[in-house]
>>> print(open('query.cif').read())   # mmCIF, C-alpha atoms and all ligand atoms
data_entry
loop_
_atom_site.label_atom_id
_atom_site.label_comp_id
_atom_site.auth_asym_id
_atom_site.auth_seq_id
_atom_site.Cartn_x
_atom_site.Cartn_y
_atom_site.Cartn_z
CA MET L 6 7.50 50.67 -49.05
CA PRO L 7 8.11 51.80 -45.46
CA ASN L 8 5.01 51.73 -43.30
CA LYS L 9 4.73 54.36 -40.58
CA LEU L 10 2.10 52.23 -38.85
CA LYS L 11 4.80 49.58 -38.32
CA LYS L 12 7.50 51.81 -36.82
CA MET L 13 9.86 50.27 -34.30
CA LYS L 14 8.91 51.50 -30.85
CA GLU L 15 12.18 53.33 -30.14
CA ASN L 16 11.92 55.72 -33.11
CA ILE L 17 11.96 59.30 -31.97
CA GLU L 18 8.87 61.24 -33.02
CA GLY L 19 9.17 62.95 -36.41
CA ARG L 20 9.41 62.42 -40.13
CA TYR L 21 12.06 59.71 -40.31
CA TYR L 22 11.52 56.23 -38.89
CA VAL L 23 12.55 52.59 -39.27
CA ASP L 24 9.77 50.05 -39.64
CA ASP L 25 9.59 46.36 -38.77
CA ALA L 26 11.09 45.26 -42.09
CA CYS L 27 14.56 46.15 -40.74
CA ILE L 28 16.92 43.16 -40.73
CA GLY L 29 19.50 44.81 -38.46
CA CYS L 30 22.28 45.08 -41.03
CA THR L 31 23.56 48.16 -39.07
CA LEU L 32 24.40 50.15 -42.22
CA CYS L 33 22.31 53.15 -41.19
CA ALA L 34 23.75 53.23 -37.67
CA GLU L 35 27.27 53.15 -39.12
CA ILE L 36 26.83 55.67 -41.94
CA ALA L 37 24.34 58.07 -40.35
CA ALA L 38 25.51 57.53 -36.80
CA ASP L 39 24.10 60.80 -35.48
CA ASN L 40 20.57 59.80 -36.45
CA PHE L 41 20.33 56.00 -36.17
CA ARG L 42 21.04 53.69 -33.24
CA SER L 43 21.02 49.93 -32.82
CA ASN L 44 18.91 47.74 -30.60
CA LEU L 45 21.50 44.99 -30.57
CA GLN L 46 19.50 42.66 -28.37
CA GLU L 47 16.49 42.71 -30.68
CA GLY L 48 18.55 43.04 -33.89
CA TYR L 49 17.21 46.17 -35.51
CA GLU L 50 17.90 49.89 -35.85
CA TYR L 51 15.74 52.92 -35.15
CA VAL L 52 15.83 56.68 -35.61
CA TYR L 53 17.47 58.12 -32.53
CA LYS L 54 17.41 61.76 -33.64
CA GLN L 55 15.64 63.49 -36.50
CA PRO L 56 18.05 65.24 -38.92
CA ALA L 57 18.89 68.76 -37.77
CA SER L 58 21.26 69.89 -40.52
CA VAL L 59 21.61 69.72 -44.29
CA GLU L 60 24.30 67.06 -43.91
CA GLU L 61 22.21 64.91 -41.59
CA GLU L 62 19.24 65.20 -43.95
CA ARG L 63 21.47 64.15 -46.85
CA LEU L 64 22.68 61.09 -44.96
CA CYS L 65 19.17 60.09 -43.94
CA LEU L 66 17.98 60.37 -47.54
CA GLU L 67 20.99 58.33 -48.64
CA MET L 68 20.11 55.65 -46.09
CA MET L 69 16.58 55.49 -47.48
CA ASP L 70 18.14 54.75 -50.87
CA ILE L 71 20.60 52.09 -49.75
CA CYS L 72 18.63 50.28 -47.02
CA PRO L 73 18.48 46.75 -48.48
CA VAL L 74 14.90 46.14 -47.34
CA ASN L 75 13.45 49.65 -47.78
CA ALA L 76 12.68 49.95 -44.07
CA ILE L 77 13.40 53.67 -43.67
CA GLY L 78 10.62 56.17 -44.28
CA ASN L 79 10.37 59.93 -43.99
CA ASP L 80 6.61 60.35 -44.08
CA GLY L 81 6.17 60.02 -40.34
CA ASP L 82 4.34 62.48 -38.14
CA ILE L 83 5.98 65.81 -37.46
S1 LIG Y 1 19.92 49.99 -43.39
FE1 LIG Y 1 17.78 49.27 -43.30
S2 LIG Y 1 17.92 47.08 -42.83
FE2 LIG Y 1 19.90 47.99 -42.39
S3 LIG Y 1 19.80 48.45 -40.20
FE3 LIG Y 1 19.19 50.32 -41.29
S4 LIG Y 1 16.95 50.20 -41.44
FE4 LIG Y 1 17.69 48.15 -40.91
#
>>> encode(input="query.cif", output="structure tokens", more="lines below")
Ligand code: SF4
Amino acid sequence: MPNKLKKMKENIEGRYYVDDACIGCTLCAEIAADNFRSNLQEGYEYVYKQPASVEEERLCLEMMDICPVNAIGNDGDI
């Protein structure tokens, strides 16, 4: 279960976040490219922008479902 107390430091403030379970598979940054970015040096992803449209929300929810290590949460602070 994603832990908002273990968010990666680059996550933008808001509901969605990536926590420290991320293994840097880059799926979220490829599929939901408007919302996720990669820290290639450290080998993980983070939420770059909170979803601002129905389509972005759909993709972020989809990423929560398919993240292989369940590192994406949407219970962060608003
Ligand atoms: S899909 Fe999950 S494990 Fe893969 S980069 Fe995104 S947050 Fe990390």
>>> atom_distance(input="query.cif", atom1="CA of Glu35 (chain L)", atom2="CA of Asp82 (chain L)")
24.8 Å
>>> atom_distance(input="query.cif", atom1="CA of Lys9 (chain L)", atom2="CA of Ala57 (chain L)")
20.4 Å
>>> residues_near_point(input="query.cif", point="(23.4, 51.0, -43.5)", cutoff="12 Å", atoms="all atoms listed in the file", output="ChimeraX atom specification")
/L:23,27-38,40-43,49-51,64-77
>>> closest_residue(input="query.cif", among="L:Arg20, L:Asp25, L:Glu62, L:Lys54", to="Asn8 (chain L)", atoms="all atoms listed in the file")
L:Asp25
>>> atom_distance(input="query.cif", atom1="CA of Met13 (chain L)", atom2="CA of Arg63 (chain L)")
22.0 Å
>>> axis_aligned_box(input="query.cif", around="ligand LIG 1 (chain Y)", padding_each_side="4 Å", output="JSON")
{"center_x": 18.4, "center_y": 48.7, "center_z": -41.8, "size_x": 11.0, "size_y": 11.2, "size_z": 11.2}
